[in-house]
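Okay, so here's the structure we're looking at.
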Amino acid sequence: MGQQGDEFIRVGSPSEIEVLLDQLIQPGGASLLLDRPGSAPIPVVVMEQAPPESMLLDITAVREIVGELKRGMGFRLLGQVHGKMIRTPALKALQVEVLEGRVQCQCDYPHYLEELQRREAYRARLRLGMEVGAILRGSEGDGDVTVQGDLKDLSQQGCQLELPSSAATLLAEAALVEIELCFPNGSRFTVQAAPRHKVADSDRQTLRVGFQFHDCSAEQERKLWFFVREIERESSRYSDESDVGRLPSMLFQSQSVGASSSVGRRNLLSYPTPMARRLARVAGYLDAQLLELQQGDDVDPVQLSRHADMLLQLAEEDIEALLFATRCLGQEPVLVRHGLGVAVHMLALAGTNSVPRDVRKAVAASAMIHDLGKGLLPPGLLAAGSFGPDEHARLKQHVDLLVQRMGRCQWLSEKVMHAVVVSTNERLDGSGYPAGVMSEGLSELARMSAVVDVVDAMRRSRADRPAWRIDAVYRHLLKSPQQFDPRWVKRYVQRFGLRPVGSLVRFSGGALAWIQRLDQQGKPFQVQLTEETAPPGEAMGEVLRGDVESRLGEMVEEVPVST
């Protein structure tokens, strides 16, 4: 009888175990995998089984492992039965001896089996933090084309890749393409494949494409089997019930810093400043975390902590460069852009002198993810041009949907998380959500968070309205003291000014430029010229520093751009 688990189906019936093991008693039917880093499956022969005491293996072809087996090293047996991947739990040798020139190993009898492929093709899914790049090669028109992407899952029959939307033309014209998988430890695997299905994500500008492998050799099948097993093994370390002592897969041990990110879809994205390129690493994490949530997983506490530290480090290095970088992420999903915009502005508004670092880290982490629950709402809700009572009721559910997925983030301060994730949408007069809390129930951090959140949201376009100019946003907040704490509104205006870093401004001389730094009087100290009313990109012009207004004239107006 099979019992459904998180990553596999456990077979515990003695009769079913015996039937499955019988299928392995044939040449090439089984492989042995030693329980040590970097080991690969090696062929053995299952000679006979004596349930429930022992099994007899012929290991003549791999006699070099005899010493390790005698010293008590554990191992698993792997095999395929009717298209299903089977593995035993960890076993140990009971006796190893040589009879008539053959090396035989008597080992434990497995009291259960793990069936890794009940379906036609078991797919080992990569979890958050597991990065495998993919290079797609094919022909488009009269020339060869190369596209980079990311591996999302792998089976012995095929794989699923995430590719930039620009790959659509190549996939439409190619019956077969070459896929090269690039693992963090430097391992490479190349195979021919045919695209079978595509799902486009316009917000993320990506294609999720399923491929079926074509004409694999026996050696390729053996390697695929190993890769699938290692992905499943590494993935199991991320689960709630994982064995914390389990050694990581060597496939995911980078040879050098940054090696795992040298190939992949995001590797080809361009950003206009060095700080924006660094911030894009945090954006990539949030993008992946959003997908994990949509696939039913929780917020990963380790990855959240790691990337909150990364964001905090960037803020401590150069907060103005980081503020501008939040306006340079037009290629990212809107929930990612908004989360980073709120996080960075909250860090800038809170300052570094009086707030302990662990509190600032908790603020950064909570703000980064505070709106990801909206990605769990019904498709199309956020894109609606108008909202009725039913739509508003559904929208308010995003807070609870996210909080339900944060149970593993025990390192995160409960007070900070509640203020930033839960209470950001509350209002002083009780008109907010999810609980309708009034002013006396809202902490200072919740009041600050509400102001920062609404400023960032109003400066971005939505389906039902264009982006607001910053002066209009300030007027709206100052005229709404019943909803937003006037003290925090004034502190926001004083900290960021009427033309904040990241504003696109037209000068009296006719020039259009992005403000990148301000002087102590709130005047532009560094700007970058542009001719486009579009988010900052590589095509921007000259950078001017110093007394900018003496060269370009006075700032006339802000040009609203949804970034």
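Each chain in the structure tokens gets a letter, A, B and so on, in the order shown; residues start at 1 in every chain, and ligands are counted from 1 in the order they appear.
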**Item:** For Lys70 of chain A: contacts at 12 Å, only C-alpha atoms, fewer than 3 positions along chain excluded, given as a ChimeraX atom specification
**Value:** /A:63-67,73-75,92-97,104-107
How about saving the chosen residues, all heavy atoms kept, as a compact mmCIF listing (two decimals), in the first residue's frame?
```txt
# COMPACT_ATOMS: atom_id res chain seq x y z
N ARG A 63 34.23 -3.89 -7.25
CA ARG A 63 34.88 -4.42 -6.05
C ARG A 63 35.69 -3.36 -5.31
O ARG A 63 36.08 -3.58 -4.16
CB ARG A 63 35.76 -5.62 -6.42
CG ARG A 63 36.90 -5.31 -7.38
CD ARG A 63 37.76 -6.55 -7.64
NE ARG A 63 37.04 -7.56 -8.42
CZ ARG A 63 37.06 -8.85 -8.11
NH1 ARG A 63 37.73 -9.27 -7.06
NH2 ARG A 63 36.40 -9.72 -8.87
N GLU A 64 35.93 -2.20 -5.93
CA GLU A 64 36.71 -1.17 -5.25
C GLU A 64 35.97 -0.58 -4.04
O GLU A 64 36.58 0.12 -3.22
CB GLU A 64 37.06 -0.05 -6.23
CG GLU A 64 35.87 0.76 -6.77
CD GLU A 64 35.26 0.13 -8.02
OE1 GLU A 64 35.61 -1.03 -8.34
OE2 GLU A 64 34.45 0.82 -8.67
N ILE A 65 34.66 -0.84 -3.93
CA ILE A 65 33.93 -0.30 -2.79
C ILE A 65 33.87 -1.27 -1.62
O ILE A 65 33.26 -0.95 -0.58
CB ILE A 65 32.48 0.09 -3.19
CG1 ILE A 65 31.65 -1.16 -3.50
CG2 ILE A 65 32.48 1.07 -4.35
CD1 ILE A 65 30.18 -0.87 -3.69
N VAL A 66 34.50 -2.44 -1.75
CA VAL A 66 34.43 -3.46 -0.70
C VAL A 66 34.91 -2.90 0.64
O VAL A 66 34.28 -3.13 1.69
CB VAL A 66 35.24 -4.71 -1.09
CG1 VAL A 66 35.46 -5.61 0.12
CG2 VAL A 66 34.53 -5.47 -2.20
N GLY A 67 36.01 -2.17 0.62
CA GLY A 67 36.55 -1.65 1.88
C GLY A 67 35.58 -0.73 2.58
O GLY A 67 35.41 -0.80 3.80
N MET A 73 29.95 1.76 5.71
CA MET A 73 29.33 2.86 4.97
C MET A 73 27.96 2.44 4.46
O MET A 73 27.78 1.36 3.91
CB MET A 73 30.22 3.30 3.80
CG MET A 73 29.58 4.41 2.96
SD MET A 73 30.70 5.13 1.75
CE MET A 73 31.76 6.09 2.84
N GLY A 74 26.98 3.32 4.64
CA GLY A 74 25.64 3.04 4.17
C GLY A 74 25.50 3.25 2.67
O GLY A 74 26.34 3.89 2.01
N PHE A 75 24.43 2.72 2.10
CA PHE A 75 24.18 2.88 0.67
C PHE A 75 22.69 2.67 0.42
O PHE A 75 21.95 2.16 1.27
CB PHE A 75 25.01 1.88 -0.15
CG PHE A 75 24.69 0.43 0.15
CD1 PHE A 75 23.69 -0.24 -0.57
CD2 PHE A 75 25.37 -0.26 1.14
CE1 PHE A 75 23.39 -1.57 -0.29
CE2 PHE A 75 25.08 -1.59 1.42
CZ PHE A 75 24.09 -2.25 0.71
N LYS A 92 22.99 -1.33 4.99
CA LYS A 92 24.39 -1.59 5.32
C LYS A 92 24.72 -3.06 5.04
O LYS A 92 23.84 -3.93 5.10
CB LYS A 92 24.69 -1.26 6.77
CG LYS A 92 24.73 0.23 7.05
CD LYS A 92 25.31 0.53 8.42
CE LYS A 92 25.44 2.03 8.63
NZ LYS A 92 26.04 2.36 9.94
N ALA A 93 25.97 -3.28 4.70
CA ALA A 93 26.42 -4.66 4.42
C ALA A 93 26.48 -5.46 5.72
O ALA A 93 26.98 -4.97 6.74
CB ALA A 93 27.79 -4.62 3.76
N LEU A 94 25.96 -6.66 5.66
CA LEU A 94 26.06 -7.59 6.78
C LEU A 94 27.29 -8.48 6.65
O LEU A 94 27.92 -8.84 7.65
CB LEU A 94 24.79 -8.45 6.86
CG LEU A 94 23.47 -7.70 7.01
CD1 LEU A 94 22.30 -8.68 6.94
CD2 LEU A 94 23.43 -6.92 8.32
N GLN A 95 27.63 -8.81 5.39
CA GLN A 95 28.79 -9.68 5.13
C GLN A 95 29.23 -9.47 3.69
O GLN A 95 28.40 -9.34 2.79
CB GLN A 95 28.42 -11.14 5.37
CG GLN A 95 29.57 -12.11 5.18
CD GLN A 95 29.16 -13.54 5.47
OE1 GLN A 95 28.03 -13.80 5.85
NE2 GLN A 95 30.09 -14.46 5.28
N VAL A 96 30.52 -9.39 3.48
CA VAL A 96 31.09 -9.30 2.13
C VAL A 96 32.12 -10.41 1.98
O VAL A 96 33.03 -10.54 2.82
CB VAL A 96 31.76 -7.93 1.87
CG1 VAL A 96 32.34 -7.89 0.46
CG2 VAL A 96 30.77 -6.79 2.07
N GLU A 97 31.97 -11.23 0.93
CA GLU A 97 32.91 -12.34 0.75
C GLU A 97 33.11 -12.63 -0.73
O GLU A 97 32.30 -12.21 -1.58
CB GLU A 97 32.40 -13.59 1.46
CG GLU A 97 31.04 -14.07 1.00
CD GLU A 97 30.57 -15.28 1.79
OE1 GLU A 97 31.35 -15.82 2.58
OE2 GLU A 97 29.41 -15.68 1.60
N GLN A 104 30.45 -11.02 -3.39
CA GLN A 104 29.03 -10.97 -3.00
C GLN A 104 28.87 -10.20 -1.69
O GLN A 104 29.73 -10.28 -0.80
CB GLN A 104 28.47 -12.38 -2.86
CG GLN A 104 28.46 -13.17 -4.16
CD GLN A 104 27.86 -14.54 -4.01
OE1 GLN A 104 27.47 -14.95 -2.91
NE2 GLN A 104 27.78 -15.30 -5.11
N CYS A 105 27.78 -9.49 -1.62
CA CYS A 105 27.48 -8.69 -0.44
C CYS A 105 26.10 -9.05 0.07
O CYS A 105 25.10 -8.91 -0.65
CB CYS A 105 27.54 -7.19 -0.77
SG CYS A 105 26.94 -6.11 0.54
N GLN A 106 26.04 -9.51 1.30
CA GLN A 106 24.75 -9.73 1.94
C GLN A 106 24.43 -8.48 2.75
O GLN A 106 25.26 -7.99 3.53
CB GLN A 106 24.81 -10.95 2.88
CG GLN A 106 23.45 -11.33 3.47
CD GLN A 106 23.55 -12.52 4.41
OE1 GLN A 106 24.60 -12.75 5.01
NE2 GLN A 106 22.49 -13.28 4.53
N CYS A 107 23.25 -7.91 2.53
CA CYS A 107 22.92 -6.62 3.15
C CYS A 107 21.55 -6.69 3.83
O CYS A 107 20.81 -7.66 3.69
CB CYS A 107 22.95 -5.50 2.11
SG CYS A 107 21.64 -5.60 0.87
```
Neighbouring residues of segment 233-235 of chain A were defined as those with any atom within 10 Å, considering only C-alpha atoms; residues of the same chain fewer than 6 positions away were excluded. Please report them as a PDB file with N, CA, C and O atoms, in the first residue's frame.
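Output file selection18.pdb is given in full below:
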```pdb
ATOM      1  N   GLU A   7       7.611  14.326  -1.148  1.00  0.00           N
ATOM      2  CA  GLU A   7       8.460  14.253  -2.324  1.00  0.00           C
ATOM      3  C   GLU A   7       8.411  12.878  -2.975  1.00  0.00           C
ATOM      4  O   GLU A   7       8.997  12.683  -4.010  1.00  0.00           O
ATOM      5  N   ALA A 124      11.534  15.998 -10.595  1.00  0.00           N
ATOM      6  CA  ALA A 124      12.195  16.533  -9.416  1.00  0.00           C
ATOM      7  C   ALA A 124      12.215  18.053  -9.548  1.00  0.00           C
ATOM      8  O   ALA A 124      12.837  18.595 -10.464  1.00  0.00           O
ATOM      9  N   ARG A 125      11.517  18.739  -8.631  1.00  0.00           N
ATOM     10  CA  ARG A 125      11.383  20.197  -8.721  1.00  0.00           C
ATOM     11  C   ARG A 125      12.486  20.879  -7.918  1.00  0.00           C
ATOM     12  O   ARG A 125      12.772  20.491  -6.783  1.00  0.00           O
ATOM     13  N   LEU A 126      13.074  21.910  -8.504  1.00  0.00           N
ATOM     14  CA  LEU A 126      14.082  22.679  -7.805  1.00  0.00           C
ATOM     15  C   LEU A 126      13.402  23.634  -6.836  1.00  0.00           C
ATOM     16  O   LEU A 126      12.456  24.334  -7.201  1.00  0.00           O
ATOM     17  N   ARG A 127      13.884  23.656  -5.606  1.00  0.00           N
ATOM     18  CA  ARG A 127      13.325  24.530  -4.583  1.00  0.00           C
ATOM     19  C   ARG A 127      14.063  25.859  -4.571  1.00  0.00           C
ATOM     20  O   ARG A 127      15.113  26.036  -5.195  1.00  0.00           O
ATOM     21  N   LEU A 128      13.505  26.804  -3.819  1.00  0.00           N
ATOM     22  CA  LEU A 128      14.105  28.128  -3.694  1.00  0.00           C
ATOM     23  C   LEU A 128      15.539  28.009  -3.182  1.00  0.00           C
ATOM     24  O   LEU A 128      15.797  27.315  -2.192  1.00  0.00           O
ATOM     25  N   GLY A 129      16.471  28.666  -3.863  1.00  0.00           N
ATOM     26  CA  GLY A 129      17.882  28.586  -3.509  1.00  0.00           C
ATOM     27  C   GLY A 129      18.659  27.563  -4.315  1.00  0.00           C
ATOM     28  O   GLY A 129      19.884  27.543  -4.262  1.00  0.00           O
ATOM     29  N   MET A 130      17.949  26.710  -5.064  1.00  0.00           N
ATOM     30  CA  MET A 130      18.599  25.734  -5.945  1.00  0.00           C
ATOM     31  C   MET A 130      18.583  26.311  -7.366  1.00  0.00           C
ATOM     32  O   MET A 130      17.526  26.433  -7.971  1.00  0.00           O
ATOM     33  N   PHE A 227      21.013  12.954 -11.882  1.00  0.00           N
ATOM     34  CA  PHE A 227      20.627  14.346 -11.657  1.00  0.00           C
ATOM     35  C   PHE A 227      19.264  14.436 -10.968  1.00  0.00           C
ATOM     36  O   PHE A 227      19.073  15.241 -10.045  1.00  0.00           O
ATOM     37  N   SER A 242      12.886  17.748   7.089  1.00  0.00           N
ATOM     38  CA  SER A 242      14.149  17.288   6.517  1.00  0.00           C
ATOM     39  C   SER A 242      15.123  16.877   7.623  1.00  0.00           C
ATOM     40  O   SER A 242      15.034  17.316   8.762  1.00  0.00           O
ATOM     41  N   ARG A 246      21.651  15.693   6.970  1.00  0.00           N
ATOM     42  CA  ARG A 246      21.868  15.132   5.641  1.00  0.00           C
ATOM     43  C   ARG A 246      22.867  15.988   4.865  1.00  0.00           C
ATOM     44  O   ARG A 246      22.761  17.213   4.821  1.00  0.00           O
ATOM     45  N   LEU A 247      23.823  15.343   4.265  1.00  0.00           N
ATOM     46  CA  LEU A 247      24.833  16.072   3.508  1.00  0.00           C
ATOM     47  C   LEU A 247      24.223  16.684   2.250  1.00  0.00           C
ATOM     48  O   LEU A 247      23.381  16.071   1.599  1.00  0.00           O
ATOM     49  N   PRO A 248      24.654  17.898   1.877  1.00  0.00           N
ATOM     50  CA  PRO A 248      24.134  18.508   0.656  1.00  0.00           C
ATOM     51  C   PRO A 248      24.657  17.797  -0.580  1.00  0.00           C
ATOM     52  O   PRO A 248      25.723  17.168  -0.557  1.00  0.00           O
ATOM     53  N   SER A 249      23.914  17.911  -1.657  1.00  0.00           N
ATOM     54  CA  SER A 249      24.362  17.345  -2.924  1.00  0.00           C
ATOM     55  C   SER A 249      25.534  18.156  -3.458  1.00  0.00           C
ATOM     56  O   SER A 249      25.505  19.392  -3.464  1.00  0.00           O
ATOM     57  N   MET A 250      26.542  17.468  -3.927  1.00  0.00           N
ATOM     58  CA  MET A 250      27.705  18.156  -4.474  1.00  0.00           C
ATOM     59  C   MET A 250      27.365  18.911  -5.756  1.00  0.00           C
ATOM     60  O   MET A 250      28.078  19.843  -6.138  1.00  0.00           O
ATOM     61  N   LEU A 251      26.286  18.532  -6.430  1.00  0.00           N
ATOM     62  CA  LEU A 251      25.883  19.258  -7.637  1.00  0.00           C
ATOM     63  C   LEU A 251      25.618  20.723  -7.354  1.00  0.00           C
ATOM     64  O   LEU A 251      25.768  21.573  -8.230  1.00  0.00           O
ATOM     65  N   PHE A 252      25.195  21.035  -6.119  1.00  0.00           N
ATOM     66  CA  PHE A 252      24.788  22.395  -5.794  1.00  0.00           C
ATOM     67  C   PHE A 252      25.816  23.125  -4.945  1.00  0.00           C
ATOM     68  O   PHE A 252      25.510  24.149  -4.347  1.00  0.00           O
TER      69      PHE A 252
END
```
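The coordinates place atom CA of Val527 of chain A at 11.4 Å from atom CA of Arg551 of chain A.
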**Prompt:** Which is closer to Ser262 of chain A than all the others in A:Ser165, A:Asp150, A:Asp309, A:Lys198, using only C-alpha atoms?
**Reply:** A:Asp150
**Atom-to-atom span, atom CA of Leu478 of chain A and atom CA of Met346 of chain A, Å** = 18.8 Å
**Prompt:** Between A:Leu181, A:Leu293, A:Val263, A:Ala362, which is the closest to Arg306 of chain A once you count only C-alpha atoms?
**Reply:**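 Residue with the minimum atom-to-atom distance to Arg306 of chain A: A:Ala362.
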**Request:** Extract, using only C-alpha atoms, all DNA, RNA and protein residues at most 8 Å from Leu161 of chain A, discarding same-chain residues fewer than 4 positions from it, and format them as a list in words.
**Result:**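 Near Leu161 of chain A, the qualifying residues are Ala134, Gly149, Asp150, Leu151, Lys152, Asp153, Arg208, Val209, Gly210 and Phe211 of chain A.
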